[in-house]
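Beneath this line is the structure, given in structure tokens, with notes to follow.
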Protein chains: 4
Amino acid sequence: MKNTKALSILITILATCLNHSIALSDSDHKHNATTVTGYVYQQEFMPRQTLEIDLNKTAIFITDPQNDFISEGGAGWSLVGEGVVAGKVVERLVQLRNTARTVGIPVFYSTHMYTKKDYDNWTSLNGIDKIMFENKLFIQGTWGHDFHPDLKPDGNTIVLNPHKGLSNFWTGDAALQLRQYGVTTLIMTGMVANMCVESHARDAIENGFDLIIVADATAAAGADALKAAHINYEFLAHEVVTTDEIIKRLHKAKAEKN
Amino acid sequence: MKNTKALSILITILATCLNHSIALSDSDHKHNATTVTGYVYQQEFMPRQTLEIDLNKTAIFITDPQNDFISEGGAGWSLVGEGVVAGKVVERLVQLRNTARTVGIPVFYSTHMYTKKDYDNWTSLNGIDKIMFENKLFIQGTWGHDFHPDLKPDGNTIVLNPHKGLSNFWTGDAALQLRQYGVTTLIMTGMVANMCVESHARDAIENGFDLIIVADATAAAGADALKAAHINYEFLAHEVVTTDEIIKRLHKAKAEKN
Amino acid sequence: MKNTKALSILITILATCLNHSIALSDSDHKHNATTVTGYVYQQEFMPRQTLEIDLNKTAIFITDPQNDFISEGGAGWSLVGEGVVAGKVVERLVQLRNTARTVGIPVFYSTHMYTKKDYDNWTSLNGIDKIMFENKLFIQGTWGHDFHPDLKPDGNTIVLNPHKGLSNFWTGDAALQLRQYGVTTLIMTGMVANMCVESHARDAIENGFDLIIVADATAAAGADALKAAHINYEFLAHEVVTTDEIIKRLHKAKAEKN
Amino acid sequence: MKNTKALSILITILATCLNHSIALSDSDHKHNATTVTGYVYQQEFMPRQTLEIDLNKTAIFITDPQNDFISEGGAGWSLVGEGVVAGKVVERLVQLRNTARTVGIPVFYSTHMYTKKDYDNWTSLNGIDKIMFENKLFIQGTWGHDFHPDLKPDGNTIVLNPHKGLSNFWTGDAALQLRQYGVTTLIMTGMVANMCVESHARDAIENGFDLIIVADATAAAGADALKAAHINYEFLAHEVVTTDEIIKRLHKAKAEKN
């Protein structure tokens with residue numbers, strides 16, 4: 001039993017190394033042309049599929065593109081800033097929203113928001129709540145709650161009612177808005193990988209949406225948390241993709257539509 | 001940058017090793033008396049708290065205690081069976097439900113169920129759906145859908161409407177039932193760690209429940225998936241505990257109540 | 001003020017008389033050919049629209065087609081039986097489900113169900129709950145909980161997880177199932193008009209479904225309750241229709257599809 | 001059959017007259033001391049109960065206290081203004097919120113809000129949506145969307161995320177916020193009687209809240225719509241009360257608490 005476990009741990013370590021080199025680095029490695037832009041699944045047993053993109057029913061869905069998470073100096077920067085920089089999160093979110101405009105699909109923003117009253121009065125705080133509350137993230141009307149300057153909403157952005165827990169499907173208007181726009185497929189990413197992105201992902205599938213998660217336009221509080229998200233995305237999503245890959249497919253869908 | 005990353009990976013590996021030895025083994029190591037039964041957090045930055053147990057408002061909440069996941073020969077056994085055995089999942093679930101009866105708190109069962117019609121007609125299948133559908137899990141009326149023989153409902157069990165996605169809060173009656181019983185604190189565990197347990201956990205906090213997750217009475221499809229669950233539980237729960245620890249606290253609460 | 005109010009009451013009475021003669025009677029009055037099958041709106045200020053029926057995205061949705069409501073001898077018969085007979089509810093529901101099969105659209109059943117444990121333990125009972133509980137309606141496994149013999153599920157019926165409150169969208173799997181079948185338009189009716197039908201209607205629009213309510217295939221506990229439902233349907237639905245009218249339109253849609 | 005129906009209609013008319021004189025008038029009639037402040041049920045078969053008020057778990061919940069509904073000149077005034085004046089809605093809402101402050105319970109505001117983008121892009125509009133959109137109600141940032149001047153939030157008010165459909169439980173944070181404040185009993189009223197108040201009421205009971213509806217601090221688009229709300233409240237609420245009655249009971253609860 002001990003030996004099996006030791007072996008299992010060694011394999012895990014090896015897998016972790018390999019995965020890290022693949023999933024986290026942008027430039028340190030070489031892939032051949034066919035796989036360079038694709039997400040490499042970490043769990044061999046996961047079924048794979050490639051959704052056909054119908055631009056009339058597809059939207060980009062970005063969680064928490066706000067200063068407290070993705071701008072230096074934000075109240076959550078000490079926790080997730082390193083990952084935001086390493087993962088080029090802002091650059092990739094900008095690429096995704098620009099692509100959306102080019103190919104003619106909407107972008108939904110689900111933002112995190114607390115009032116001062118929430119901070120004064122909430123009584124039931126779990127782990128992530130405590131982190132949020134101790135660091136005073138996302139207070140209504142503050143700079144930290146505002147959008148990253150490169151990601152201000154434009155004419156192509158639908159800003160949802162803010163969410164308070166981890167998912168807009170519970171405390172905002174995500175489900176209704178998406179249906180009003182005729183959206184059935186979500187290309188989801190944003191911040192934080194294993195918290196709000198993942199909770200939105202779980203609720204999207206409970207509501208019958210087809211779900212594509214962009215695994216490299218997100219970050220988390222540490223490598224473990226990011227890996228937890230990636231592992232779970234493979235179960236939750238119809239497809240896990242990279243930014244490069246989905247952008248190519250969106251352009252292809254646009255070209256075929258014309 | 002490369003060196004930093006290499007160092008970071010090494011630290012992760014080291015941490016992983018330590019965590020594995022602590023979190024996964026039951027008997028191979030020695031702790032001193034005060035920590036032996038407690039869950040060891042893997043993320044140093046997580047705040048900790050200890051909820052006071054009010055037996056009048058607390059329930060055990062178990063997801064998917066059904067043959068397809070936790071009985072040898074179940075349709076999901078090849079994926080999660082090893083973890084179920086290693087984690088002594090059945091034994092611990094039995095301990096928890098027995099303790100519930102002893103201390104006088106209810107046990108809620110959230111079961112997974114599909115009809116044959118679902119199998120024939122559903123059109124939007126994500127990763128976990130595909131695994132479920134390929135292996136034909138939890139078909140209404142089958143042995144696989146039935147409860148594990150050691151965990152049949154008794155007079156102290158409330159069997160919720162079955163769930164179809166990953167969480168009863170979306171496709172069953174969990175929220176209403178729990179409120180009807182005056183429950184505000186959930187002691188949650190069951191199967192599978194990073195799927196149904198975690199989705200129920202996320203929805204419990206969206207609905208304002210205090211949440212204690214029992215980390216060692218669950219299992220998953222592989223070490224990565226189990227670790228993903230543990231990492232996320234630390235964010236999602238008010239407390240992560242072990243079976244031994246929570247049983248002691250429940251007995252203590254009972255003793256103090258009398 | 002008094003005079004105005006008196007006048008207002010007289011107008012209401014007059015309007016009520018007219019409405020009753022139109023909405024409640026089946027055969028006592030004469031309409032010209034163009035309006036005979038249509039629902040007559042009781043509120044002049046309501047906007048009207050006629051949805052185009054896309055058979056690929058449309059379903060019949062029937063609430064509580066169970067003995068306790070629509071079979072003589074059911075536990076709720078003393079309350080709603082007179083309305084069920086007067087409104088020919090069973091006959092019309094049978095017509096609707098037969099039409100669904102003919103034109104090739106699915107029928108969803110949302111059933112009401114309580115367990116004996118619910119009856120023994122629920123603590124928060126509102127008005128309708130008290131009526132249900134005092135009359136012991138819809139107990140799992142009883143004849144009253146079973147389907148009306150003329151409305152047993154067939155190969156074209158999707159039986160949803162049962163609901164416990166008034167709407168399957170809260171305690172069942174309605175939203176997910178409908179999306180899995182690609183349904184975006186609901187033709188809704190069943191029992192009871194101002195309770196479960198209306199609650200399902202309200203939740204359908206919160207989830208972005210297009211909603212057609214069949215006003216004359218339902219009944220309620222008294223004329224006031226039925227009228228309340230009709231008044232509210234005019235606000236809630238995209239269209240309020242009669243059984244005859246919607247059946248004609250479904251056949252027309254089928255003919256045009258071929 | 002015809003005679004029975006005629007008789008039934010006459011009885012309904014008579015009942016309607018009586019109900020109107022009781023439910024709608026404030027001063028034109030005399031009651032004896034015991035009933036003067038209480039709501040008179042219109043449906044004899046409804047069970048009655050009187051909840052014990054626990055001030056630690058009770059809140060006032062007001063829907064849509066905004067200019068477009070309750071201020072002269074609001075975009076919805078032509079539809080509901082007469083009812084707002086006749087029912088003294090603003091005065092009663094002010095009384096209720098003042099009482100809340102005096103007895104030390106919180107007031108929750110659930111507001112209605114649309115963005116200009118919603119107005120430009122929503123595709124699925126039911127009856128009430130069409131009325132809202134044609135009259136351009138509740139546009140974010142406008143006077144019409146703002147609170148009535150006598151009902152501006154104060155230190156005792158929790159302003160929820162805005163709702164878009166008819167109920168905050170679907171598109172806002174009502175459920176989570178109420179649980180964070182430890183609220184289990186809602187004293188609900190506001191605007192419009194048969195739309196947002198009633199939808200919030202339905203969702204409150206789906207979530208297991210005890211529900212008291214204040215029937216005379218609300219109004220609707222016409223007498224039929226108001227009566228529809230009252231009829232349905234009797235089913236949905238644990239208790240239907242008047243403003244005077246609940247204020248007395250809140251003061252009594254406060255006195256007994258001290």
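Just remember, in the structure tokens the first chain shown is A, the second B, etc., residues are 1-based per chain, and ligands are 1-based in the order shown.
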
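Overlaying chain C on chain B with a least-squares fit of every Cα atom yields 0.2 Å as the RMSD.
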
Interface, chain C side, toward chain B (10 Å; only C-alpha atoms) as a short mmCIF file (atom, residue, chain, number, x, y, z; two decimals) with C-alpha atoms, in the first residue's frame:
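Below you can see part-v9.cif, which holds the result:
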data_model
loop_
_atom_site.label_atom_id
_atom_site.label_comp_id
_atom_site.auth_asym_id
_atom_site.auth_seq_id
_atom_site.Cartn_x
_atom_site.Cartn_y
_atom_site.Cartn_z
CA MET C 113 -45.60 15.21 -4.90
CA TYR C 114 -45.22 15.06 -1.14
CA THR C 115 -43.74 12.30 0.96
CA LYS C 117 -42.19 12.66 5.87
CA ASP C 118 -43.06 16.06 4.39
CA ASN C 121 -42.27 17.35 9.49
CA TRP C 122 -42.80 20.51 7.48
CA THR C 123 -43.03 23.49 9.75
CA SER C 124 -43.76 26.46 7.51
CA LEU C 125 -47.19 26.09 5.91
CA GLY C 155 -43.61 7.77 -25.46
CA ASN C 156 -44.06 11.46 -26.18
CA THR C 157 -44.20 12.55 -22.53
CA ILE C 158 -41.29 13.76 -20.46
CA VAL C 159 -42.14 13.39 -16.78
CA LEU C 160 -40.11 15.94 -14.85
CA ASN C 161 -38.84 15.49 -11.33
CA PRO C 162 -41.83 16.24 -9.11
CA HIS C 163 -42.30 19.70 -7.62
CA LYS C 164 -43.12 20.41 -3.96
CA GLY C 165 -43.93 24.07 -3.78
CA ASN C 168 -41.00 22.86 -10.88
CA PHE C 169 -38.50 25.59 -11.73
CA TRP C 170 -37.72 25.83 -8.01
CA THR C 171 -37.95 22.21 -6.81
CA GLY C 172 -37.62 20.16 -10.01
CA ASP C 173 -35.66 19.94 -13.25
CA ALA C 174 -37.90 21.94 -15.60
CA ALA C 175 -35.35 24.51 -16.76
CA LEU C 176 -32.63 21.97 -17.54
CA GLN C 177 -34.94 19.46 -19.24
CA LEU C 178 -36.57 22.06 -21.45
CA ARG C 179 -33.18 23.34 -22.59
CA GLN C 180 -31.97 19.78 -23.23
CA TYR C 181 -34.88 19.35 -25.65
CA GLY C 182 -34.15 22.69 -27.33
#

Which one is closest to Ala255 in chain D: D:Thr102, D:Thr242, D:Thr185, D:Thr142? Count only C-alpha atoms.
->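 Smallest distance to Ala255 in chain D is found for D:Thr102.
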
Excluding same-chain residues fewer than 3 positions from range 228-235 of chain D, what lies within 10 Å of it counting only C-alpha atoms, as a count of residues only?
-> 48

Per DSSP on the backbone, filter range 95-243 of chain C down to the residues in strand (DSSP E) and report them as a PyMOL selection string.
-> chain C and resi 107-110+157-159+185-190+210-214+239-241

One residue among C:Val84, C:Ile53, C:Ile139, C:Ile60 is nearest to Tyr109 in chain C when using only C-alpha atoms, and that residue is C:Ile60
